[in-house]
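Asks: Handing over upload-v4.cif, mmCIF, C-alpha atoms.
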```
data_entry
loop_
_atom_site.group_PDB
_atom_site.id
_atom_site.type_symbol
_atom_site.label_atom_id
_atom_site.label_comp_id
_atom_site.auth_asym_id
_atom_site.auth_seq_id
_atom_site.Cartn_x
_atom_site.Cartn_y
_atom_site.Cartn_z
ATOM 1 C CA MET A 19 -21.530 27.042 -15.999
ATOM 2 C CA LEU A 20 -19.391 24.339 -14.430
ATOM 3 C CA ASP A 21 -22.353 22.012 -14.608
ATOM 4 C CA LYS A 22 -22.453 22.512 -18.361
ATOM 5 C CA LEU A 23 -18.784 21.683 -18.661
ATOM 6 C CA ASP A 24 -19.375 18.590 -16.606
ATOM 7 C CA ASN A 25 -22.295 17.486 -18.749
ATOM 8 C CA HIS A 26 -20.278 18.092 -21.865
ATOM 9 C CA LEU A 27 -17.606 15.655 -20.742
ATOM 10 C CA ARG A 28 -19.878 13.239 -18.954
ATOM 11 C CA PHE A 29 -20.486 10.751 -21.750
ATOM 12 C CA GLN A 30 -16.823 10.144 -22.498
ATOM 13 C CA GLN A 31 -16.027 10.062 -18.816
ATOM 14 C CA ASP A 32 -18.606 7.349 -18.187
ATOM 15 C CA ALA A 33 -17.409 5.404 -21.203
ATOM 16 C CA LEU A 34 -13.828 5.662 -19.975
ATOM 17 C CA ASN A 35 -14.779 4.483 -16.494
ATOM 18 C CA LEU A 36 -16.556 1.456 -17.884
ATOM 19 C CA ARG A 37 -13.664 0.667 -20.197
ATOM 20 C CA ALA A 38 -11.294 0.730 -17.232
ATOM 21 C CA GLU A 39 -13.662 -1.505 -15.331
ATOM 22 C CA ARG A 40 -13.885 -3.963 -18.208
ATOM 23 C CA GLN A 41 -10.116 -3.965 -18.523
ATOM 24 C CA GLN A 42 -9.965 -5.127 -14.936
ATOM 25 C CA VAL A 43 -12.500 -7.885 -15.500
ATOM 26 C CA LEU A 44 -10.544 -9.148 -18.504
ATOM 27 C CA ALA A 45 -7.245 -8.931 -16.602
ATOM 28 C CA SER A 46 -8.799 -11.071 -13.909
ATOM 29 C CA ASN A 47 -9.844 -13.635 -16.513
ATOM 30 C CA ILE A 48 -6.347 -13.777 -17.984
ATOM 31 C CA ALA A 49 -4.772 -14.058 -14.530
ATOM 32 C CA ASN A 50 -6.998 -17.039 -13.765
ATOM 33 C CA ALA A 51 -6.520 -18.805 -17.091
ATOM 34 C CA ASP A 52 -5.084 -21.846 -15.302
ATOM 35 C CA THR A 53 -7.256 -21.877 -12.185
ATOM 36 C CA PRO A 54 -9.513 -24.939 -11.997
ATOM 37 C CA ASN A 55 -13.252 -24.174 -11.871
ATOM 38 C CA TYR A 56 -12.733 -20.461 -12.512
ATOM 39 C CA LEU A 57 -15.585 -19.016 -14.568
ATOM 40 C CA ALA A 58 -14.678 -16.240 -16.975
ATOM 41 C CA ARG A 59 -16.628 -13.011 -16.430
ATOM 42 C CA ASP A 60 -17.495 -10.103 -18.668
ATOM 43 C CA PHE A 61 -20.257 -7.529 -19.065
ATOM 44 C CA ASP A 62 -22.316 -6.113 -21.868
ATOM 45 C CA PHE A 63 -20.617 -2.787 -22.449
ATOM 46 C CA SER A 64 -23.370 -1.022 -24.371
ATOM 47 C CA ALA A 65 -26.064 -2.126 -21.924
ATOM 48 C CA GLU A 66 -23.991 -0.946 -18.954
ATOM 49 C CA LEU A 67 -23.195 2.363 -20.643
ATOM 50 C CA ALA A 68 -26.877 2.921 -21.393
ATOM 51 C CA ARG A 69 -27.715 2.142 -17.766
ATOM 52 C CA VAL A 70 -25.049 4.487 -16.429
ATOM 53 C CA ILE A 71 -26.266 7.293 -18.673
ATOM 54 C CA ASP A 72 -29.878 6.772 -17.619
ATOM 55 C CA ASN A 73 -29.350 6.181 -13.909
ATOM 56 C CA GLY A 74 -26.369 8.354 -13.105
ATOM 57 C CA ARG A 75 -22.746 7.698 -12.652
ATOM 58 C CA PRO A 76 -21.359 4.610 -10.956
ATOM 59 C CA GLY A 77 -19.653 6.789 -8.377
ATOM 60 C CA ASP A 78 -23.026 8.152 -7.296
ATOM 61 C CA ARG A 79 -24.026 4.810 -5.880
ATOM 62 C CA VAL A 80 -21.984 4.898 -2.723
ATOM 63 C CA MET A 81 -22.765 2.566 0.155
ATOM 64 C CA ARG A 82 -22.538 4.095 3.619
ATOM 65 C CA LEU A 83 -22.514 2.576 7.062
ATOM 66 C CA SER A 84 -25.680 3.467 8.922
ATOM 67 C CA THR A 85 -24.756 5.645 11.862
ATOM 68 C CA THR A 86 -26.726 6.273 15.051
ATOM 69 C CA SER A 87 -24.402 8.792 16.611
ATOM 70 C CA ALA A 88 -22.669 11.814 15.208
ATOM 71 C CA ARG A 89 -19.389 10.441 16.506
ATOM 72 C CA HIS A 90 -19.557 7.275 14.425
ATOM 73 C CA LEU A 91 -17.161 6.955 11.578
ATOM 74 C CA ASN A 92 -18.880 7.430 8.270
ATOM 75 C CA ALA A 93 -17.061 4.821 6.263
ATOM 76 C CA THR A 94 -18.184 4.590 2.677
ATOM 77 C CA GLN A 95 -17.636 1.991 0.070
ATOM 78 C CA GLN A 96 -17.685 2.790 -3.563
ATOM 79 C CA THR A 97 -19.704 0.132 -5.306
ATOM 80 C CA SER A 98 -18.577 -0.967 -8.688
ATOM 81 C CA GLY A 99 -20.032 0.751 -11.705
ATOM 82 C CA VAL A 100 -21.070 -2.489 -13.285
ATOM 83 C CA SER A 101 -24.407 -3.764 -12.101
ATOM 84 C CA GLU A 102 -24.549 -7.003 -14.018
ATOM 85 C CA LEU A 103 -21.407 -9.059 -14.361
ATOM 86 C CA LEU A 104 -22.130 -12.005 -16.636
ATOM 87 C CA TYR A 105 -20.466 -15.359 -17.168
ATOM 88 C CA ARG A 106 -18.947 -16.272 -20.476
ATOM 89 C CA VAL A 107 -20.313 -19.241 -22.395
ATOM 90 C CA PRO A 108 -17.292 -21.384 -23.296
ATOM 91 C CA ASP A 109 -16.745 -22.478 -26.877
ATOM 92 C CA GLN A 110 -14.617 -25.389 -25.813
ATOM 93 C CA PRO A 111 -15.336 -26.539 -22.269
ATOM 94 C CA THR A 112 -12.321 -27.889 -20.430
ATOM 95 C CA LEU A 113 -12.015 -30.836 -18.089
ATOM 96 C CA ASP A 114 -10.965 -28.703 -15.119
ATOM 97 C CA GLY A 115 -14.097 -26.566 -15.305
ATOM 98 C CA ASN A 116 -12.246 -23.408 -16.305
ATOM 99 C CA THR A 117 -14.070 -21.336 -18.931
ATOM 100 C CA VAL A 118 -11.289 -18.886 -19.833
ATOM 101 C CA ASP A 119 -10.549 -18.952 -23.548
ATOM 102 C CA MET A 120 -7.182 -17.246 -23.743
ATOM 103 C CA ASP A 121 -7.498 -16.292 -27.424
ATOM 104 C CA ARG A 122 -10.822 -14.671 -26.876
ATOM 105 C CA GLU A 123 -9.764 -12.909 -23.687
ATOM 106 C CA ARG A 124 -6.647 -11.484 -25.258
ATOM 107 C CA ALA A 125 -8.521 -10.324 -28.338
ATOM 108 C CA GLN A 126 -11.112 -8.634 -26.126
ATOM 109 C CA PHE A 127 -8.406 -7.158 -23.941
ATOM 110 C CA THR A 128 -6.634 -5.571 -26.902
ATOM 111 C CA ASP A 129 -9.923 -4.408 -28.374
ATOM 112 C CA ASN A 130 -10.888 -2.831 -25.063
ATOM 113 C CA ALA A 131 -7.489 -1.138 -24.721
ATOM 114 C CA VAL A 132 -7.781 0.432 -28.175
ATOM 115 C CA ARG A 133 -11.302 1.627 -27.469
ATOM 116 C CA TYR A 134 -10.146 3.061 -24.155
ATOM 117 C CA GLN A 135 -7.451 5.017 -25.960
ATOM 118 C CA ALA A 136 -10.021 6.190 -28.486
ATOM 119 C CA SER A 137 -12.170 7.472 -25.615
ATOM 120 C CA VAL A 138 -9.158 9.274 -24.185
ATOM 121 C CA SER A 139 -8.553 10.875 -27.564
ATOM 122 C CA PHE A 140 -12.170 11.996 -27.843
ATOM 123 C CA LEU A 141 -12.034 13.429 -24.341
ATOM 124 C CA LYS A 142 -8.811 15.184 -25.182
ATOM 125 C CA SER A 143 -10.267 16.789 -28.284
ATOM 126 C CA SER A 144 -13.356 17.891 -26.324
ATOM 127 C CA LEU A 145 -11.083 19.603 -23.825
ATOM 128 C CA GLN A 146 -9.116 21.131 -26.673
ATOM 129 C CA LYS A 147 -12.287 22.537 -28.191
ATOM 130 C CA LEU A 148 -13.394 23.995 -24.882
ATOM 131 C CA LYS A 149 -10.003 25.587 -24.397
ATOM 132 C CA THR A 150 -10.066 27.078 -27.874
ATOM 133 C CA ALA A 151 -13.520 28.496 -27.242
ATOM 134 C CA MET A 152 -12.379 30.050 -23.961
ATOM 135 C CA GLN A 153 -9.298 31.711 -25.336
ATOM 136 C CA SER A 154 -9.380 35.425 -26.077
ATOM 137 C CA GLU A 155 -7.874 35.832 -29.473
ATOM 138 C CA MET B 16 -12.100 1.060 -8.542
ATOM 139 C CA SER B 17 -8.880 2.159 -9.973
ATOM 140 C CA MET B 18 -6.848 0.716 -12.745
ATOM 141 C CA PHE B 19 -4.040 0.038 -10.293
ATOM 142 C CA ASN B 20 -5.987 -3.073 -9.346
ATOM 143 C CA ILE B 21 -4.941 -4.573 -12.657
ATOM 144 C CA PHE B 22 -1.339 -4.514 -11.496
ATOM 145 C CA ASP B 23 -2.309 -6.461 -8.393
ATOM 146 C CA ILE B 24 -4.304 -8.971 -10.416
ATOM 147 C CA SER B 25 -1.676 -9.543 -13.082
ATOM 148 C CA GLY B 26 1.099 -9.387 -10.518
ATOM 149 C CA SER B 27 -0.490 -12.198 -8.538
ATOM 150 C CA ALA B 28 -0.712 -14.245 -11.734
ATOM 151 C CA LEU B 29 2.952 -13.557 -12.472
ATOM 152 C CA SER B 30 4.024 -14.828 -9.085
ATOM 153 C CA ALA B 31 1.698 -17.838 -9.275
ATOM 154 C CA GLN B 32 2.968 -18.795 -12.716
ATOM 155 C CA SER B 33 6.575 -18.325 -11.694
ATOM 156 C CA GLN B 34 5.984 -20.562 -8.695
ATOM 157 C CA ARG B 35 4.565 -23.171 -11.065
ATOM 158 C CA MET B 36 7.674 -22.755 -13.205
ATOM 159 C CA ASN B 37 9.812 -23.170 -10.096
ATOM 160 C CA VAL B 38 8.098 -26.425 -9.233
ATOM 161 C CA THR B 39 8.594 -27.648 -12.802
ATOM 162 C CA ALA B 40 12.271 -26.752 -12.630
ATOM 163 C CA SER B 41 12.584 -28.651 -9.366
ATOM 164 C CA ASN B 42 10.833 -31.675 -10.857
ATOM 165 C CA LEU B 43 13.005 -31.727 -13.943
ATOM 166 C CA ALA B 44 16.191 -31.200 -11.950
ATOM 167 C CA ASN B 45 15.263 -34.092 -9.664
ATOM 168 C CA ALA B 46 14.012 -36.417 -12.370
ATOM 169 C CA ASP B 47 16.694 -38.914 -11.349
ATOM 170 C CA SER B 48 17.153 -38.207 -7.637
ATOM 171 C CA VAL B 49 16.853 -41.574 -5.981
ATOM 172 C CA ALA B 50 17.900 -40.470 -2.505
ATOM 173 C CA GLY B 51 16.122 -37.936 -0.336
ATOM 174 C CA PRO B 52 14.736 -37.478 3.160
ATOM 175 C CA ASN B 53 11.728 -39.700 2.329
ATOM 176 C CA GLY B 54 13.250 -41.929 -0.286
ATOM 177 C CA ALA B 55 13.086 -41.082 -3.964
ATOM 178 C CA TYR B 56 11.920 -37.636 -5.056
ATOM 179 C CA ARG B 57 8.213 -37.314 -5.813
ATOM 180 C CA ALA B 58 6.959 -34.936 -8.509
ATOM 181 C CA LYS B 59 5.366 -31.794 -7.091
ATOM 182 C CA GLN B 60 2.435 -29.851 -8.500
ATOM 183 C CA VAL B 61 0.891 -26.508 -7.593
ATOM 184 C CA VAL B 62 -2.789 -25.824 -6.912
ATOM 185 C CA PHE B 63 -4.175 -22.525 -8.194
ATOM 186 C CA GLU B 64 -7.100 -20.774 -6.584
ATOM 187 C CA ALA B 65 -8.948 -17.631 -7.642
ATOM 188 C CA GLN B 66 -8.523 -14.814 -5.142
ATOM 189 C CA GLY B 67 -11.866 -13.125 -4.634
ATOM 190 C CA GLN B 68 -10.841 -9.559 -3.920
ATOM 191 C CA ASP B 69 -14.019 -7.566 -4.344
ATOM 192 C CA ALA B 70 -17.749 -8.052 -4.079
ATOM 193 C CA GLN B 71 -17.982 -9.361 -7.600
ATOM 194 C CA GLY B 72 -15.381 -12.019 -7.077
ATOM 195 C CA LEU B 73 -12.895 -10.448 -9.433
ATOM 196 C CA GLY B 74 -9.318 -10.805 -8.477
ATOM 197 C CA GLY B 75 -6.017 -12.453 -9.039
ATOM 198 C CA VAL B 76 -4.829 -15.951 -8.474
ATOM 199 C CA ARG B 77 -2.688 -17.580 -5.841
ATOM 200 C CA VAL B 78 -1.036 -20.875 -5.153
ATOM 201 C CA THR B 79 -2.818 -22.523 -2.232
ATOM 202 C CA GLN B 80 -0.612 -25.568 -1.916
ATOM 203 C CA VAL B 81 2.150 -27.563 -3.480
ATOM 204 C CA PHE B 82 1.289 -31.225 -3.300
ATOM 205 C CA GLU B 83 3.311 -34.328 -4.020
ATOM 206 C CA ASP B 84 2.194 -36.535 -6.840
ATOM 207 C CA GLN B 85 1.092 -39.843 -5.291
ATOM 208 C CA ALA B 86 1.590 -41.833 -8.485
ATOM 209 C CA PRO B 87 3.709 -44.934 -7.887
ATOM 210 C CA LEU B 88 7.459 -44.522 -8.166
ATOM 211 C CA ARG B 89 9.211 -46.059 -11.116
ATOM 212 C CA LEU B 90 11.003 -49.271 -10.232
ATOM 213 C CA GLU B 91 14.144 -50.261 -11.988
ATOM 214 C CA TYR B 92 16.013 -53.548 -11.573
ATOM 215 C CA ARG B 93 19.543 -52.639 -10.508
ATOM 216 C CA PRO B 94 20.767 -55.182 -7.955
ATOM 217 C CA ASP B 95 24.218 -53.594 -7.683
ATOM 218 C CA HIS B 96 22.816 -50.186 -6.657
ATOM 219 C CA PRO B 97 23.445 -49.215 -3.004
ATOM 220 C CA LEU B 98 19.768 -48.203 -2.567
ATOM 221 C CA ALA B 99 18.309 -51.322 -4.113
ATOM 222 C CA ASP B 100 15.699 -53.185 -2.039
ATOM 223 C CA ALA B 101 15.751 -56.876 -1.146
ATOM 224 C CA ASN B 102 14.518 -57.831 -4.611
ATOM 225 C CA GLY B 103 17.151 -55.695 -6.329
ATOM 226 C CA TYR B 104 14.796 -52.880 -7.377
ATOM 227 C CA VAL B 105 15.608 -49.184 -7.038
ATOM 228 C CA SER B 106 12.741 -46.657 -6.686
ATOM 229 C CA LEU B 107 13.121 -43.799 -9.140
ATOM 230 C CA PRO B 108 11.169 -40.522 -9.052
ATOM 231 C CA ASN B 109 7.679 -40.468 -10.618
ATOM 232 C CA VAL B 110 8.551 -37.329 -12.603
ATOM 233 C CA GLU B 111 7.139 -37.379 -16.133
ATOM 234 C CA PRO B 112 9.465 -35.234 -18.251
ATOM 235 C CA VAL B 113 6.850 -34.781 -21.009
ATOM 236 C CA HIS B 114 4.274 -33.623 -18.502
ATOM 237 C CA GLU B 115 6.796 -31.221 -16.983
ATOM 238 C CA MET B 116 7.787 -29.746 -20.329
ATOM 239 C CA VAL B 117 4.138 -29.129 -21.204
ATOM 240 C CA ASN B 118 3.616 -27.509 -17.815
ATOM 241 C CA MET B 119 6.653 -25.332 -18.331
ATOM 242 C CA ILE B 120 5.479 -24.105 -21.733
ATOM 243 C CA ALA B 121 1.966 -23.436 -20.448
ATOM 244 C CA ALA B 122 3.332 -21.510 -17.460
ATOM 245 C CA SER B 123 5.614 -19.407 -19.632
ATOM 246 C CA ARG B 124 2.797 -18.567 -22.071
ATOM 247 C CA SER B 125 0.503 -17.564 -19.231
ATOM 248 C CA TYR B 126 3.278 -15.478 -17.736
ATOM 249 C CA GLN B 127 3.778 -13.704 -21.064
ATOM 250 C CA ALA B 128 0.063 -13.030 -21.410
ATOM 251 C CA ASN B 129 0.007 -11.405 -17.990
ATOM 252 C CA VAL B 130 3.062 -9.310 -18.723
ATOM 253 C CA GLU B 131 1.253 -8.119 -21.827
ATOM 254 C CA VAL B 132 -1.796 -7.230 -19.762
ATOM 255 C CA MET B 133 0.376 -5.153 -17.447
ATOM 256 C CA ASN B 134 2.104 -3.411 -20.337
ATOM 257 C CA THR B 135 -1.154 -2.574 -22.060
ATOM 258 C CA SER B 136 -2.651 -1.263 -18.833
ATOM 259 C CA LYS B 137 0.422 0.844 -18.201
ATOM 260 C CA GLN B 138 0.144 2.358 -21.668
ATOM 261 C CA MET B 139 -3.520 3.094 -21.072
ATOM 262 C CA MET B 140 -2.754 4.826 -17.802
ATOM 263 C CA LEU B 141 0.056 6.851 -19.348
ATOM 264 C CA LYS B 142 -2.267 7.851 -22.147
ATOM 265 C CA THR B 143 -4.843 8.948 -19.589
ATOM 266 C CA LEU B 144 -2.214 11.083 -17.882
ATOM 267 C CA THR B 145 -1.752 13.029 -21.111
ATOM 268 C CA LEU B 146 -5.384 14.201 -20.920
ATOM 269 C CA GLY B 147 -4.248 17.417 -19.297
ATOM 270 C CA ASP B 148 -1.921 18.289 -22.185
ATOM 271 C CA ALA B 149 -4.845 18.823 -24.499
#
```
Written as structure tokens, how would this file's structure read?
Replies:
Amino acid sequence: MLDKLDNHLRFQQDALNLRAERQQVLASNIANADTPNYLARDFDFSAELARVIDNGRPGDRVMRLSTTSARHLNATQQTSGVSELLYRVPDQPTLDGNTVDMDRERAQFTDNAVRYQASVSFLKSSLQKLKTAMQSE
Amino acid sequence: MSMFNIFDISGSALSAQSQRMNVTASNLANADSVAGPNGAYRAKQVVFEAQGQDAQGLGGVRVTQVFEDQAPLRLEYRPDHPLADANGYVSLPNVEPVHEMVNMIAASRSYQANVEVMNTSKQMMLKTLTLGDA
């Protein structure tokens, strides 16, 4: 039963995770807009979402330390959900080797924020529907 | 991976840009300072470096050093000046006011962009917190 609930919300949850991740990538680009030789990064959202849906959630890919004794600490590191972080191709290369195009980054950032909020709204309405279905009238 | 990282990233950019602004302010204020510990004031510039925080090299920015511009000092012929050399020339700072103004505007625009990033991220997080109210 709980598994079904989880599956029901899984798509939006994955989309939301990736949106948050992309927001961070874009924030990093904007922060480094004046750093010489910084290369702007981004990822292909639809490709990553398709990959996450096919291969499981990003959180499932957790790296662990190999342990040889039961008393070892089992430290884990959550790997990022994005498997392929690409480099942006600059429209107007700059002399200092920086490939951040502020206009483009800000447009993408706003676009991503709106889509994130849309995902939140969809998730919210899914929860609402589930709640309505569960209520005894 | 949490969205709180964005605050670290943008926060580092805010402090880096404000340091750049600080340096610009110092340069403009000292555009005519002929006397100092090492002679006339030399224009200072900051060096930005990307801060690789995670495995993918995403992260904020930091100022690695503030260096002195090694461009030659301006010489002005003022024989009556107390700091004039044997030939009657006074060394004036190598501050370029136009360069500094451009730097100041660029720093303030970058600062604004990062504030906007923080605001947008905050709104997104607040919106996410309302998920439970569905």
Asks: Given the choices A:Asn130, A:Ser64, A:Ser87, A:Thr53, which gets closest to chain B if the distance is worked out from all atoms listed in the file?
Replies: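 Comparing A:Asn130, A:Ser64, A:Ser87, A:Thr53 against chain B, the winner is A:Thr53.
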Asks: For atom CA of B:Phe22 and atom CA of A:Pro108, determine how far apart the two atoms are, in Å to one decimal place.
Replies: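 Taking atom CA of B:Phe22 as the start and atom CA of A:Pro108 as the end point, the length is 26.0 Å.
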Asks: Residues of chain B that approach chain A to 6 Å or less, counting all atoms listed in the file: could you list each one with the shortest pair of atoms and its distance in Å to one decimal, rows by chain and increasing residue number, as JSON lines?
Replies:
```
{"residue": "B:Ile21", "atom": "CA", "partner": "A:Gln42", "partner_atom": "CA", "distance": 5.5}
{"residue": "B:Ser25", "atom": "CA", "partner": "A:Ala49", "partner_atom": "CA", "distance": 5.7}
{"residue": "B:Ala28", "atom": "CA", "partner": "A:Ala49", "partner_atom": "CA", "distance": 4.9}
{"residue": "B:Phe63", "atom": "CA", "partner": "A:Thr53", "partner_atom": "CA", "distance": 5.1}
{"residue": "B:Glu64", "atom": "CA", "partner": "A:Thr53", "partner_atom": "CA", "distance": 5.7}
{"residue": "B:Gly74", "atom": "CA", "partner": "A:Ser46", "partner_atom": "CA", "distance": 5.5}
{"residue": "B:Gly75", "atom": "CA", "partner": "A:Ser46", "partner_atom": "CA", "distance": 5.8}
{"residue": "B:Val76", "atom": "CA", "partner": "A:Asn50", "partner_atom": "CA", "distance": 5.8}
{"residue": "B:Leu146", "atom": "CA", "partner": "A:Lys142", "partner_atom": "CA", "distance": 5.6}
{"residue": "B:Ala149", "atom": "CA", "partner": "A:Gln146", "partner_atom": "CA", "distance": 5.3}
```
Asks: Which residues match the PyMOL selection byres ((chain B and resi 84-93) around 9) in the file above, as a PyMOL selection string?
Replies: chain B and resi 55-60+82-83+94-96+99+102-110
Asks: Report, in Å with one decimal, the straight-line distance from atom CA of B:Asn45 to atom CA of B:Gln80.
Replies: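 Pair atom CA of B:Asn45 / atom CA of B:Gln80 returns 19.6 Å.
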Asks: Can you tell me how far atom CA of B:Ile120 sits from atom CA of B:Ser33, in Å to one decimal?
Replies: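 So the answer is 11.6 Å.
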Asks: Since I can't run it myself right now, could you work out what the PyMOL selection byres ((chain B and resi 39) around 12) selects here and report it as an mmCIF file with C-alpha atoms, in the coordinates of the input?
Replies:
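Now in out20.cif:
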```cif
data_model
loop_
_atom_site.group_PDB
_atom_site.id
_atom_site.type_symbol
_atom_site.label_atom_id
_atom_site.label_comp_id
_atom_site.auth_asym_id
_atom_site.auth_seq_id
_atom_site.Cartn_x
_atom_site.Cartn_y
_atom_site.Cartn_z
ATOM 1 C CA GLN B 32 2.968 -18.795 -12.716
ATOM 2 C CA SER B 33 6.575 -18.325 -11.694
ATOM 3 C CA GLN B 34 5.984 -20.562 -8.695
ATOM 4 C CA ARG B 35 4.565 -23.171 -11.065
ATOM 5 C CA MET B 36 7.674 -22.755 -13.205
ATOM 6 C CA ASN B 37 9.812 -23.170 -10.096
ATOM 7 C CA VAL B 38 8.098 -26.425 -9.233
ATOM 8 C CA ALA B 40 12.271 -26.752 -12.630
ATOM 9 C CA SER B 41 12.584 -28.651 -9.366
ATOM 10 C CA ASN B 42 10.833 -31.675 -10.857
ATOM 11 C CA LEU B 43 13.005 -31.727 -13.943
ATOM 12 C CA ALA B 44 16.191 -31.200 -11.950
ATOM 13 C CA ASN B 45 15.263 -34.092 -9.664
ATOM 14 C CA ALA B 46 14.012 -36.417 -12.370
ATOM 15 C CA ARG B 57 8.213 -37.314 -5.813
ATOM 16 C CA ALA B 58 6.959 -34.936 -8.509
ATOM 17 C CA LYS B 59 5.366 -31.794 -7.091
ATOM 18 C CA GLN B 60 2.435 -29.851 -8.500
ATOM 19 C CA VAL B 61 0.891 -26.508 -7.593
ATOM 20 C CA VAL B 81 2.150 -27.563 -3.480
ATOM 21 C CA VAL B 110 8.551 -37.329 -12.603
ATOM 22 C CA GLU B 111 7.139 -37.379 -16.133
ATOM 23 C CA PRO B 112 9.465 -35.234 -18.251
ATOM 24 C CA VAL B 113 6.850 -34.781 -21.009
ATOM 25 C CA HIS B 114 4.274 -33.623 -18.502
ATOM 26 C CA GLU B 115 6.796 -31.221 -16.983
ATOM 27 C CA MET B 116 7.787 -29.746 -20.329
ATOM 28 C CA VAL B 117 4.138 -29.129 -21.204
ATOM 29 C CA ASN B 118 3.616 -27.509 -17.815
ATOM 30 C CA MET B 119 6.653 -25.332 -18.331
ATOM 31 C CA ILE B 120 5.479 -24.105 -21.733
ATOM 32 C CA ALA B 121 1.966 -23.436 -20.448
ATOM 33 C CA ALA B 122 3.332 -21.510 -17.460
ATOM 34 C CA SER B 123 5.614 -19.407 -19.632
#
```
Asks: Taking all atoms listed in the file into account, which of B:Ile24, B:Ala50, B:Ala101, B:Ala128 comes nearest B:Gly67?
Replies: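 Among the listed residues, B:Ile24 lies closest to B:Gly67.
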Asks: Complete the atoms of stretch 111-128 of chain B to N, CA and C atoms and put them out as an mmCIF file, keeping the file's coordinate frame.
Replies:
```
data_model
loop_
_atom_site.group_PDB
_atom_site.id
_atom_site.type_symbol
_atom_site.label_atom_id
_atom_site.label_comp_id
_atom_site.auth_asym_id
_atom_site.auth_seq_id
_atom_site.Cartn_x
_atom_site.Cartn_y
_atom_site.Cartn_z
ATOM 1 N N GLU B 111 7.366 -37.108 -14.712
ATOM 2 C CA GLU B 111 7.139 -37.379 -16.133
ATOM 3 C C GLU B 111 7.711 -36.210 -16.924
ATOM 4 N N PRO B 112 8.844 -36.378 -17.578
ATOM 5 C CA PRO B 112 9.465 -35.234 -18.251
ATOM 6 C C PRO B 112 8.542 -34.580 -19.284
ATOM 7 N N VAL B 113 7.739 -35.369 -19.990
ATOM 8 C CA VAL B 113 6.850 -34.781 -21.009
ATOM 9 C C VAL B 113 5.823 -33.874 -20.344
ATOM 10 N N HIS B 114 5.250 -34.384 -19.271
ATOM 11 C CA HIS B 114 4.274 -33.623 -18.502
ATOM 12 C C HIS B 114 4.891 -32.310 -18.004
ATOM 13 N N GLU B 115 6.123 -32.399 -17.526
ATOM 14 C CA GLU B 115 6.796 -31.221 -16.983
ATOM 15 C C GLU B 115 7.090 -30.191 -18.067
ATOM 16 N N MET B 116 7.492 -30.678 -19.228
ATOM 17 C CA MET B 116 7.787 -29.746 -20.329
ATOM 18 C C MET B 116 6.521 -29.011 -20.743
ATOM 19 N N VAL B 117 5.412 -29.753 -20.826
ATOM 20 C CA VAL B 117 4.138 -29.129 -21.204
ATOM 21 C C VAL B 117 3.754 -28.082 -20.167
ATOM 22 N N ASN B 118 3.918 -28.430 -18.901
ATOM 23 C CA ASN B 118 3.616 -27.509 -17.815
ATOM 24 C C ASN B 118 4.466 -26.255 -17.907
ATOM 25 N N MET B 119 5.729 -26.462 -18.243
ATOM 26 C CA MET B 119 6.653 -25.332 -18.331
ATOM 27 C C MET B 119 6.226 -24.383 -19.447
ATOM 28 N N ILE B 120 5.876 -24.953 -20.611
ATOM 29 C CA ILE B 120 5.479 -24.105 -21.733
ATOM 30 C C ILE B 120 4.195 -23.363 -21.411
ATOM 31 N N ALA B 121 3.242 -24.079 -20.795
ATOM 32 C CA ALA B 121 1.966 -23.436 -20.448
ATOM 33 C C ALA B 121 2.196 -22.296 -19.460
ATOM 34 N N ALA B 122 3.070 -22.548 -18.466
ATOM 35 C CA ALA B 122 3.332 -21.510 -17.460
ATOM 36 C C ALA B 122 3.988 -20.298 -18.117
ATOM 37 N N SER B 123 4.912 -20.549 -19.041
ATOM 38 C CA SER B 123 5.614 -19.407 -19.632
ATOM 39 C C SER B 123 4.677 -18.607 -20.534
ATOM 40 N N ARG B 124 3.770 -19.298 -21.228
ATOM 41 C CA ARG B 124 2.797 -18.567 -22.071
ATOM 42 C C ARG B 124 1.859 -17.730 -21.211
ATOM 43 N N SER B 125 1.406 -18.316 -20.114
ATOM 44 C CA SER B 125 0.503 -17.564 -19.231
ATOM 45 C C SER B 125 1.233 -16.366 -18.647
ATOM 46 N N TYR B 126 2.477 -16.574 -18.285
ATOM 47 C CA TYR B 126 3.278 -15.478 -17.736
ATOM 48 C C TYR B 126 3.365 -14.346 -18.752
ATOM 49 N N GLN B 127 3.667 -14.717 -20.007
ATOM 50 C CA GLN B 127 3.778 -13.704 -21.064
ATOM 51 C C GLN B 127 2.475 -12.946 -21.244
ATOM 52 N N ALA B 128 1.362 -13.684 -21.219
ATOM 53 C CA ALA B 128 0.063 -13.030 -21.410
ATOM 54 C C ALA B 128 -0.161 -11.998 -20.319
#
```
